[in-house]
file upload34.pdb (PDB, C-alpha atoms, pLDDT in the B column)
ATOM      1  CA  MET A 559     -25.224 -21.600 -68.783  1.00 53.00           C
ATOM      2  CA  HIS A 560     -27.951 -19.100 -67.982  1.00 60.00           C
ATOM      3  CA  PRO A 561     -27.354 -16.252 -65.481  1.00 60.00           C
ATOM      4  CA  ILE A 562     -30.040 -17.439 -63.032  1.00 62.00           C
ATOM      5  CA  PRO A 563     -28.507 -20.875 -62.373  1.00 60.00           C
ATOM      6  CA  LYS A 564     -25.135 -19.153 -61.874  1.00 65.00           C
ATOM      7  CA  LEU A 565     -26.669 -16.901 -59.224  1.00 57.00           C
ATOM      8  CA  VAL A 566     -28.374 -19.829 -57.511  1.00 56.00           C
ATOM      9  CA  LEU A 567     -25.153 -21.835 -57.570  1.00 56.00           C
ATOM     10  CA  ALA A 568     -23.168 -18.894 -56.113  1.00 59.00           C
ATOM     11  CA  ALA A 569     -25.795 -18.367 -53.380  1.00 58.00           C
ATOM     12  CA  MET A 570     -25.725 -22.063 -52.442  1.00 60.00           C
ATOM     13  CA  LEU A 571     -21.925 -22.039 -52.320  1.00 55.00           C
ATOM     14  CA  CYS A 572     -21.876 -18.964 -50.029  1.00 54.00           C
ATOM     15  CA  THR A 573     -24.546 -20.485 -47.774  1.00 55.00           C
ATOM     16  CA  SER A 574     -22.623 -23.734 -47.391  1.00 55.00           C
ATOM     17  CA  VAL A 575     -19.372 -21.912 -46.615  1.00 50.00           C
ATOM     18  CA  VAL A 576     -21.055 -19.762 -43.953  1.00 49.00           C
ATOM     19  CA  ALA A 577     -22.923 -22.732 -42.468  1.00 53.00           C
ATOM     20  CA  CYS A 578     -19.756 -24.808 -42.125  1.00 52.00           C
ATOM     21  CA  SER A 579     -17.573 -22.102 -40.612  1.00 50.00           C
ATOM     22  CA  LYS A 580     -16.728 -22.146 -36.901  1.00 50.00           C
ATOM     23  CA  LYS A 581     -18.515 -19.744 -34.653  1.00 49.00           C
ATOM     24  CA  VAL A 582     -16.091 -17.227 -33.184  1.00 44.00           C
ATOM     25  CA  LYS A 583     -16.506 -16.619 -29.489  1.00 47.00           C
ATOM     26  CA  GLU A 584     -16.742 -12.992 -28.582  1.00 48.00           C
ATOM     27  CA  THR A 585     -14.096 -11.909 -26.116  1.00 47.00           C
ATOM     28  CA  PRO A 586     -15.615 -10.270 -23.078  1.00 47.00           C
ATOM     29  CA  PRO A 587     -14.800  -6.624 -22.568  1.00 47.00           C
ATOM     30  CA  PRO A 588     -12.012  -5.880 -20.090  1.00 49.00           C
ATOM     31  CA  PRO A 589     -13.165  -5.297 -16.526  1.00 48.00           C
ATOM     32  CA  ALA A 590     -14.116  -1.734 -15.812  1.00 46.00           C
ATOM     33  CA  THR A 591     -11.605   0.267 -13.846  1.00 44.00           C
ATOM     34  CA  ASP A 592     -12.636   1.852 -10.592  1.00 45.00           C
ATOM     35  CA  THR A 593     -13.201   5.540 -11.166  1.00 42.00           C
ATOM     36  CA  GLY A 594     -14.459   6.219  -7.696  1.00 42.00           C
ATOM     37  CA  ALA A 595     -18.032   6.099  -8.943  1.00 42.00           C
ATOM     38  CA  ASN A 596     -20.650   4.610  -6.695  1.00 39.00           C
ATOM     39  CA  THR A 597     -20.914   0.891  -7.355  1.00 43.00           C
ATOM     40  CA  SER A 598     -22.202  -0.246  -3.997  1.00 43.00           C
ATOM     41  CA  GLY A 599     -25.550   1.550  -4.077  1.00 46.00           C
ATOM     42  CA  THR A 600     -24.921   3.132  -0.671  1.00 47.00           C
ATOM     43  CA  GLY A 601     -24.512   6.673  -1.905  1.00 49.00           C
ATOM     44  CA  GLU A 602     -20.823   6.574  -0.946  1.00 48.00           C
ATOM     45  CA  PRO A 603     -18.030   6.354  -3.521  1.00 45.00           C
ATOM     46  CA  ALA A 604     -16.559   2.913  -3.951  1.00 44.00           C
ATOM     47  CA  PRO A 605     -13.238   2.554  -2.101  1.00 47.00           C
ATOM     48  CA  TYR A 606     -10.066   2.948  -4.123  1.00 43.00           C
ATOM     49  CA  THR A 607      -8.330  -0.378  -4.614  1.00 49.00           C
ATOM     50  CA  PRO A 608      -5.034  -0.253  -6.509  1.00 48.00           C
ATOM     51  CA  ALA A 609      -3.816  -3.191  -8.543  1.00 48.00           C
ATOM     52  CA  PRO A 610      -1.365  -5.416  -6.670  1.00 47.00           C
ATOM     53  CA  GLY A 611       2.163  -4.272  -7.394  1.00 46.00           C
ATOM     54  CA  ALA A 612       1.068  -0.853  -8.637  1.00 48.00           C
ATOM     55  CA  TYR A 613       2.629   1.966  -6.689  1.00 46.00           C
ATOM     56  CA  THR A 614       2.081   5.674  -6.660  1.00 56.00           C
ATOM     57  CA  ALA A 615       2.883   8.130  -3.920  1.00 57.00           C
ATOM     58  CA  ALA A 616      -0.737   9.297  -4.037  1.00 60.00           C
ATOM     59  CA  ASP A 617      -1.833   5.891  -2.707  1.00 58.00           C
ATOM     60  CA  LEU A 618      -0.387   6.851   0.653  1.00 59.00           C
ATOM     61  CA  ASP A 619      -2.761   9.789   0.964  1.00 57.00           C
ATOM     62  CA  ARG A 620      -5.934   8.067  -0.232  1.00 62.00           C
ATOM     63  CA  ASP A 621      -6.328   5.751   2.728  1.00 59.00           C
ATOM     64  CA  SER A 622      -6.722   7.360   6.126  1.00 72.00           C
ATOM     65  CA  CYS A 623      -4.848   4.617   7.967  1.00 82.00           C
ATOM     66  CA  LEU A 624      -1.838   5.099   5.669  1.00 87.00           C
ATOM     67  CA  ARG A 625      -1.704   8.747   6.686  1.00 87.00           C
ATOM     68  CA  ILE A 626      -0.500   7.622  10.109  1.00 90.00           C
ATOM     69  CA  ARG A 627       3.257   7.818   9.621  1.00 93.00           C
ATOM     70  CA  ALA A 628       4.469   7.995  13.223  1.00 95.00           C
ATOM     71  CA  PHE A 629       4.164   5.450  16.014  1.00 96.00           C
ATOM     72  CA  TYR A 630       4.614   6.828  19.516  1.00 97.00           C
ATOM     73  CA  PHE A 631       6.235   5.096  22.493  1.00 97.00           C
ATOM     74  CA  ASP A 632       6.221   5.384  26.258  1.00 96.00           C
ATOM     75  CA  LEU A 633       9.279   6.625  28.141  1.00 95.00           C
ATOM     76  CA  ASP A 634      12.248   4.220  27.855  1.00 95.00           C
ATOM     77  CA  SER A 635      10.064   1.742  25.939  1.00 96.00           C
ATOM     78  CA  ASP A 636      10.276   0.085  22.551  1.00 96.00           C
ATOM     79  CA  ASN A 637       6.894  -1.674  22.787  1.00 97.00           C
ATOM     80  CA  VAL A 638       4.447  -0.854  19.997  1.00 96.00           C
ATOM     81  CA  LYS A 639       1.265   0.435  21.632  1.00 96.00           C
ATOM     82  CA  PRO A 640      -1.983  -1.521  21.152  1.00 95.00           C
ATOM     83  CA  GLU A 641      -3.683   1.544  19.651  1.00 94.00           C
ATOM     84  CA  SER A 642      -1.146   1.376  16.799  1.00 94.00           C
ATOM     85  CA  GLN A 643      -2.243  -2.078  15.624  1.00 94.00           C
ATOM     86  CA  ASN A 644      -4.782  -0.910  13.026  1.00 94.00           C
ATOM     87  CA  ALA A 645      -2.203   1.326  11.367  1.00 95.00           C
ATOM     88  CA  ILE A 646       0.365  -1.512  11.516  1.00 96.00           C
ATOM     89  CA  LEU A 647      -2.106  -3.810   9.728  1.00 96.00           C
ATOM     90  CA  CYS A 648      -2.809  -1.160   7.111  1.00 94.00           C
ATOM     91  CA  HIS A 649       0.869  -0.459   6.358  1.00 95.00           C
ATOM     92  CA  ALA A 650       1.672  -4.188   6.282  1.00 96.00           C
ATOM     93  CA  LYS A 651      -1.102  -4.770   3.736  1.00 95.00           C
ATOM     94  CA  TYR A 652       0.176  -1.846   1.689  1.00 93.00           C
ATOM     95  CA  LEU A 653       3.659  -3.396   1.612  1.00 94.00           C
ATOM     96  CA  ARG A 654       2.314  -6.897   0.831  1.00 95.00           C
ATOM     97  CA  ASP A 655       0.296  -5.542  -2.100  1.00 93.00           C
ATOM     98  CA  ARG A 656       3.257  -3.567  -3.471  1.00 91.00           C
ATOM     99  CA  PRO A 657       6.420  -5.684  -3.457  1.00 92.00           C
ATOM    100  CA  MET A 658       8.429  -2.839  -5.009  1.00 92.00           C
ATOM    101  CA  ALA A 659       7.562  -0.349  -2.238  1.00 93.00           C
ATOM    102  CA  ARG A 660      10.318   0.436   0.257  1.00 95.00           C
ATOM    103  CA  LEU A 661       9.950   1.780   3.770  1.00 96.00           C
ATOM    104  CA  THR A 662      12.477   3.453   6.046  1.00 97.00           C
ATOM    105  CA  LEU A 663      11.645   3.377   9.749  1.00 97.00           C
ATOM    106  CA  GLU A 664      13.325   6.194  11.644  1.00 97.00           C
ATOM    107  CA  GLY A 665      13.597   5.638  15.396  1.00 97.00           C
ATOM    108  CA  ASN A 666      13.577   8.768  17.560  1.00 97.00           C
ATOM    109  CA  THR A 667      13.789   9.583  21.267  1.00 96.00           C
ATOM    110  CA  ASP A 668      13.361  12.563  23.530  1.00 94.00           C
ATOM    111  CA  GLU A 669      16.417  14.461  24.777  1.00 93.00           C
ATOM    112  CA  ARG A 670      16.772  12.633  28.079  1.00 93.00           C
ATOM    113  CA  GLY A 671      19.481   9.989  28.241  1.00 93.00           C
ATOM    114  CA  SER A 672      22.946   9.773  26.735  1.00 95.00           C
ATOM    115  CA  GLN A 673      23.512   9.971  23.005  1.00 96.00           C
ATOM    116  CA  GLU A 674      24.515   6.293  22.886  1.00 97.00           C
ATOM    117  CA  TYR A 675      21.462   5.211  24.873  1.00 97.00           C
ATOM    118  CA  ASN A 676      19.110   7.270  22.695  1.00 97.00           C
ATOM    119  CA  LEU A 677      20.597   5.955  19.441  1.00 97.00           C
ATOM    120  CA  ALA A 678      20.174   2.376  20.694  1.00 98.00           C
ATOM    121  CA  LEU A 679      16.615   3.064  21.914  1.00 97.00           C
ATOM    122  CA  GLY A 680      15.692   4.691  18.599  1.00 97.00           C
ATOM    123  CA  GLU A 681      16.957   1.624  16.753  1.00 98.00           C
ATOM    124  CA  ARG A 682      14.988  -0.698  19.040  1.00 98.00           C
ATOM    125  CA  ARG A 683      11.841   1.351  18.384  1.00 98.00           C
ATOM    126  CA  GLY A 684      12.337   1.147  14.622  1.00 97.00           C
ATOM    127  CA  ASN A 685      12.985  -2.594  14.878  1.00 98.00           C
ATOM    128  CA  SER A 686       9.829  -3.075  16.976  1.00 98.00           C
ATOM    129  CA  VAL A 687       7.701  -1.478  14.270  1.00 98.00           C
ATOM    130  CA  ALA A 688       9.544  -3.482  11.583  1.00 98.00           C
ATOM    131  CA  GLN A 689       8.866  -6.733  13.455  1.00 98.00           C
ATOM    132  CA  ALA A 690       5.187  -5.825  13.853  1.00 97.00           C
ATOM    133  CA  LEU A 691       4.922  -5.156  10.100  1.00 97.00           C
ATOM    134  CA  GLN A 692       6.720  -8.406   9.257  1.00 97.00           C
ATOM    135  CA  ALA A 693       4.433 -10.346  11.602  1.00 97.00           C
ATOM    136  CA  GLN A 694       1.566  -9.130   9.399  1.00 96.00           C
ATOM    137  CA  GLY A 695       3.223 -10.216   6.154  1.00 96.00           C
ATOM    138  CA  ALA A 696       5.480  -7.340   5.103  1.00 96.00           C
ATOM    139  CA  SER A 697       8.824  -8.482   3.705  1.00 96.00           C
ATOM    140  CA  SER A 698      12.006  -7.674   5.596  1.00 96.00           C
ATOM    141  CA  SER A 699      13.612  -6.775   2.252  1.00 96.00           C
ATOM    142  CA  GLN A 700      11.216  -3.823   1.985  1.00 96.00           C
ATOM    143  CA  ILE A 701      12.117  -2.314   5.361  1.00 97.00           C
ATOM    144  CA  THR A 702      15.184  -0.386   6.499  1.00 98.00           C
ATOM    145  CA  VAL A 703      15.621   0.812  10.083  1.00 98.00           C
ATOM    146  CA  VAL A 704      17.703   3.842  11.081  1.00 98.00           C
ATOM    147  CA  SER A 705      18.015   5.617  14.410  1.00 97.00           C
ATOM    148  CA  PHE A 706      18.311   9.343  14.893  1.00 97.00           C
ATOM    149  CA  GLY A 707      18.110   9.191  18.672  1.00 95.00           C
ATOM    150  CA  GLU A 708      17.381  12.698  19.942  1.00 95.00           C
ATOM    151  CA  GLU A 709      18.697  14.450  16.795  1.00 96.00           C
ATOM    152  CA  ARG A 710      15.356  15.028  15.011  1.00 95.00           C
ATOM    153  CA  PRO A 711      12.848  16.266  17.578  1.00 93.00           C
ATOM    154  CA  GLN A 712       9.336  17.273  16.538  1.00 93.00           C
ATOM    155  CA  CYS A 713       9.074  19.502  19.600  1.00 92.00           C
ATOM    156  CA  ARG A 714      11.942  21.435  21.167  1.00 92.00           C
ATOM    157  CA  GLU A 715      10.346  22.569  24.420  1.00 91.00           C
ATOM    158  CA  ALA A 716      11.032  20.968  27.790  1.00 88.00           C
ATOM    159  CA  GLY A 717       8.253  18.992  29.419  1.00 90.00           C
ATOM    160  CA  GLU A 718       6.392  15.706  29.096  1.00 92.00           C
ATOM    161  CA  ALA A 719       3.868  16.999  26.536  1.00 92.00           C
ATOM    162  CA  CYS A 720       6.715  17.878  24.203  1.00 92.00           C
ATOM    163  CA  TRP A 721       8.951  14.917  24.989  1.00 94.00           C
ATOM    164  CA  SER A 722       6.126  12.458  24.243  1.00 95.00           C
ATOM    165  CA  GLN A 723       6.008  13.787  20.655  1.00 95.00           C
ATOM    166  CA  ASN A 724       9.690  12.952  20.209  1.00 95.00           C
ATOM    167  CA  ARG A 725       9.421   9.314  21.344  1.00 96.00           C
ATOM    168  CA  ARG A 726       8.418   7.853  18.003  1.00 97.00           C
ATOM    169  CA  ALA A 727       9.257   5.816  14.926  1.00 98.00           C
ATOM    170  CA  ASP A 728       8.552   7.647  11.655  1.00 97.00           C
ATOM    171  CA  LEU A 729       7.592   5.796   8.464  1.00 96.00           C
ATOM    172  CA  ASN A 730       8.949   7.107   5.163  1.00 95.00           C
ATOM    173  CA  TYR A 731       8.085   5.383   1.895  1.00 93.00           C
ATOM    174  CA  THR A 732      10.375   5.694  -1.102  1.00 86.00           C
ATOM    175  CA  VAL A 733       9.769   5.143  -4.793  1.00 64.00           C
ATOM    176  CA  PRO A 734      12.121   2.444  -6.120  1.00 63.00           C
TER     177      PRO A 734
END

call {"tool": "encode", "arguments": {"input": "upload34.pdb", "output": "C-alpha coordinates"}}
result
Amino acid sequence: MHPIPKLVLAAMLCTSVVACSKKVKETPPPPATDTGANTSGTGEPAPYTPAPGAYTAADLDRDSCLRIRAFYFDLDSDNVKPESQNAILCHAKYLRDRPMARLTLEGNTDERGSQEYNLALGERRGNSVAQALQAQGASSSQITVVSFGEERPQCREAGEACWSQNRRADLNYTVP
(Lines of atoms letter the chains of each structure in order from A and count residues from 1; the text may use other names and numbers.)
(Lines give C-alpha, C1' and ligand atoms only; values in the text may rest on other atoms or scores of the structure.)
Protein backbone atom coordinates (compact mmCIF):
# COMPACT_ATOMS: atom_id res chain seq x y z
CA MET A 1 0.00 0.00 0.00
CA HIS A 2 1.20 3.50 -0.79
CA PRO A 3 2.00 6.00 2.02
CA ILE A 4 -0.71 8.49 0.97
CA PRO A 5 -3.65 6.10 1.36
CA LYS A 6 -2.24 5.10 4.77
CA LEU A 7 -2.23 8.74 5.84
CA VAL A 8 -5.76 9.29 4.55
CA LEU A 9 -6.97 6.14 6.29
CA ALA A 10 -5.32 7.20 9.59
CA ALA A 11 -6.83 10.71 9.31
CA MET A 12 -10.31 9.28 8.67
CA LEU A 13 -9.96 6.91 11.62
CA CYS A 14 -8.92 9.76 13.97
CA THR A 15 -11.77 11.96 12.71
CA SER A 16 -14.36 9.25 13.31
CA VAL A 17 -13.05 8.54 16.81
CA VAL A 18 -13.14 12.23 17.75
CA ALA A 19 -16.58 12.73 16.19
CA CYS A 20 -18.09 9.81 18.09
CA SER A 21 -16.64 10.65 21.49
CA LYS A 22 -18.84 12.17 24.21
CA LYS A 23 -18.49 15.83 24.91
CA VAL A 24 -17.14 16.40 28.41
CA LYS A 25 -18.94 19.06 30.38
CA GLU A 26 -16.65 21.60 31.91
CA THR A 27 -17.01 21.84 35.66
CA PRO A 28 -17.72 25.38 36.77
CA PRO A 29 -15.06 27.03 38.88
CA PRO A 30 -15.68 27.01 42.63
CA PRO A 31 -17.50 30.06 43.96
CA ALA A 32 -15.22 32.92 44.82
CA THR A 33 -14.57 33.44 48.49
CA ASP A 34 -15.40 36.76 50.07
CA THR A 35 -12.20 38.71 50.54
CA GLY A 36 -13.89 41.82 51.76
CA ALA A 37 -13.61 43.36 48.32
CA ASN A 38 -16.42 45.54 47.11
CA THR A 39 -18.98 43.42 45.30
CA SER A 40 -22.05 45.55 45.84
CA GLY A 41 -20.94 48.59 43.86
CA THR A 42 -21.68 50.92 46.78
CA GLY A 43 -18.10 51.79 47.56
CA GLU A 44 -18.37 49.90 50.86
CA PRO A 45 -16.69 46.54 51.46
CA ALA A 46 -18.99 43.57 51.19
CA PRO A 47 -20.04 42.28 54.62
CA TYR A 48 -18.18 39.31 56.02
CA THR A 49 -20.32 36.19 55.95
CA PRO A 50 -18.73 33.06 57.42
CA ALA A 51 -19.69 29.61 56.23
CA PRO A 52 -22.32 27.93 58.40
CA GLY A 53 -20.61 25.84 61.04
CA ALA A 54 -17.27 27.62 60.65
CA TYR A 55 -16.06 29.17 63.86
CA THR A 56 -13.21 31.46 64.69
CA ALA A 57 -12.85 33.75 67.65
CA ALA A 58 -12.24 36.62 65.23
CA ASP A 59 -15.84 36.32 64.02
CA LEU A 60 -16.97 37.77 67.33
CA ASP A 61 -15.09 41.00 66.68
CA ARG A 62 -16.06 41.48 63.03
CA ASP A 63 -19.72 42.20 63.63
CA SER A 64 -20.55 45.20 65.78
CA CYS A 65 -23.63 43.61 67.33
CA LEU A 66 -21.54 40.62 68.47
CA ARG A 67 -19.26 43.00 70.36
CA ILE A 68 -22.10 43.56 72.82
CA ARG A 69 -21.25 40.97 75.46
CA ALA A 70 -23.16 42.30 78.46
CA PHE A 71 -26.89 42.75 78.96
CA TYR A 72 -27.88 45.15 81.73
CA PHE A 73 -30.88 44.88 84.06
CA ASP A 74 -32.93 47.15 86.27
CA LEU A 75 -32.77 46.88 90.05
CA ASP A 76 -34.18 43.57 91.34
CA SER A 77 -35.21 42.61 87.79
CA ASP A 78 -34.44 39.71 85.49
CA ASN A 79 -36.33 41.11 82.48
CA VAL A 80 -34.25 41.55 79.33
CA LYS A 81 -34.56 45.19 78.27
CA PRO A 82 -36.15 46.00 74.89
CA GLU A 83 -33.00 47.84 73.77
CA SER A 84 -31.14 44.51 74.03
CA GLN A 85 -33.27 42.77 71.40
CA ASN A 86 -31.04 43.55 68.40
CA ALA A 87 -28.00 42.11 70.16
CA ILE A 88 -30.06 39.07 71.25
CA LEU A 89 -31.06 38.47 67.61
CA CYS A 90 -27.45 38.82 66.48
CA HIS A 91 -26.06 36.39 69.07
CA ALA A 92 -28.87 33.90 68.40
CA LYS A 93 -28.08 33.95 64.68
CA TYR A 94 -24.40 33.49 65.46
CA LEU A 95 -25.21 30.40 67.54
CA ARG A 96 -27.64 29.01 64.92
CA ASP A 97 -25.01 29.37 62.19
CA ARG A 98 -22.31 27.71 64.31
CA PRO A 99 -23.66 24.58 66.02
CA MET A 100 -20.26 23.89 67.61
CA ALA A 101 -20.06 27.29 69.33
CA ARG A 102 -20.66 27.33 73.09
CA LEU A 103 -21.77 30.24 75.23
CA THR A 104 -21.56 30.75 78.98
CA LEU A 105 -23.95 33.33 80.41
CA GLU A 106 -22.70 34.77 83.68
CA GLY A 107 -25.38 36.42 85.82
CA ASN A 108 -24.22 39.27 88.06
CA THR A 109 -25.80 41.64 90.57
CA ASP A 110 -24.86 44.73 92.51
CA GLU A 111 -23.80 44.45 96.16
CA ARG A 112 -27.20 45.13 97.68
CA GLY A 113 -29.10 42.10 98.95
CA SER A 114 -28.00 38.91 100.65
CA GLN A 115 -25.52 36.55 99.04
CA GLU A 116 -28.25 33.93 98.52
CA TYR A 117 -30.63 36.46 96.97
CA ASN A 118 -27.93 37.82 94.64
CA LEU A 119 -26.84 34.35 93.50
CA ALA A 120 -30.47 33.47 92.70
CA LEU A 121 -31.04 36.81 90.92
CA GLY A 122 -27.84 36.38 88.89
CA GLU A 123 -29.01 32.94 87.80
CA ARG A 124 -32.44 34.29 86.82
CA ARG A 125 -30.76 37.01 84.75
CA GLY A 126 -28.59 34.47 82.94
CA ASN A 127 -31.62 32.26 82.34
CA SER A 128 -33.61 35.23 80.97
CA VAL A 129 -30.93 35.91 78.36
CA ALA A 130 -30.69 32.17 77.58
CA GLN A 131 -34.46 31.98 77.05
CA ALA A 132 -34.37 35.04 74.79
CA LEU A 133 -31.60 33.45 72.69
CA GLN A 134 -33.47 30.13 72.50
CA ALA A 135 -36.66 31.92 71.45
CA GLN A 136 -34.67 33.16 68.44
CA GLY A 137 -33.39 29.70 67.51
CA ALA A 138 -30.24 29.15 69.58
CA SER A 139 -29.95 25.61 70.94
CA SER A 140 -30.12 25.04 74.69
CA SER A 141 -27.21 22.59 74.32
CA GLN A 142 -24.98 25.51 73.33
CA ILE A 143 -25.73 27.61 76.41
CA THR A 144 -24.58 27.27 80.01
CA VAL A 145 -25.76 29.63 82.76
CA VAL A 146 -23.75 30.42 85.90
CA SER A 147 -24.33 33.01 88.60
CA PHE A 148 -21.66 35.02 90.33
CA GLY A 149 -24.08 37.19 92.25
CA GLU A 150 -22.16 40.19 93.58
CA GLU A 151 -18.74 38.48 93.38
CA ARG A 152 -17.55 39.93 90.04
CA PRO A 153 -18.39 43.63 90.00
CA GLN A 154 -17.34 45.83 87.09
CA CYS A 155 -17.46 48.88 89.35
CA ARG A 156 -16.58 48.91 93.04
CA GLU A 157 -17.82 52.36 94.04
CA ALA A 158 -21.06 52.98 95.93
CA GLY A 159 -23.89 54.67 94.09
CA GLU A 160 -26.49 53.98 91.41
CA ALA A 161 -24.18 54.84 88.49
CA CYS A 162 -21.78 52.15 89.62
CA TRP A 163 -24.35 49.61 90.77
CA SER A 164 -26.14 49.74 87.40
CA GLN A 165 -22.93 48.49 85.73
CA ASN A 166 -22.93 45.43 87.99
CA ARG A 167 -26.52 44.36 87.22
CA ARG A 168 -25.75 42.37 84.10
CA ALA A 169 -25.41 39.05 82.32
CA ASP A 170 -22.06 38.61 80.56
CA LEU A 171 -21.69 36.47 77.42
CA ASN A 172 -18.51 34.42 77.02
CA TYR A 173 -17.99 32.25 73.96
CA THR A 174 -15.69 29.25 74.10
CA VAL A 175 -13.95 27.28 71.38
CA PRO A 176 -15.03 23.62 71.52

call {"tool": "closest_residue", "arguments": {"input": "upload34.pdb", "among": "A:Glu664, A:Glu674, A:Glu669, A:Glu718", "to": "Phe706 of chain A", "atoms": "only C-alpha atoms"}}
result
A:Glu664

call {"tool": "closest_residue", "arguments": {"input": "upload34.pdb", "among": "A:Leu661, A:Glu708, A:Asn637, A:Asp655", "to": "Gln723 of chain A", "atoms": "only C-alpha atoms"}}
result
A:Glu708

call {"tool": "closest_residue", "arguments": {"input": "upload34.pdb", "among": "A:Leu653, A:Cys623, A:Ala727, A:Val687", "to": "Ser705 of chain A", "atoms": "only C-alpha atoms"}}
result
A:Ala727

call {"tool": "closest_residue", "arguments": {"input": "upload34.pdb", "among": "A:Leu624, A:Leu633, A:Ile646, A:Met658", "to": "Gln692 of chain A", "atoms": "only C-alpha atoms"}}
result
A:Ile646

call {"tool": "resolve_selection", "arguments": {"input": "upload34.pdb", "expression": "the PyMOL selection byres ((chain A and resi 690) around 12)", "output": "ChimeraX atom specification"}}
result
/A:629,636-640,642-651,663,683-689,691-698,701

call {"tool": "atom_distance", "arguments": {"input": "upload34.pdb", "atom1": "atom CA of Gly665 of chain A", "atom2": "atom CA of Ser699 of chain A"}}
result
18.1 Å
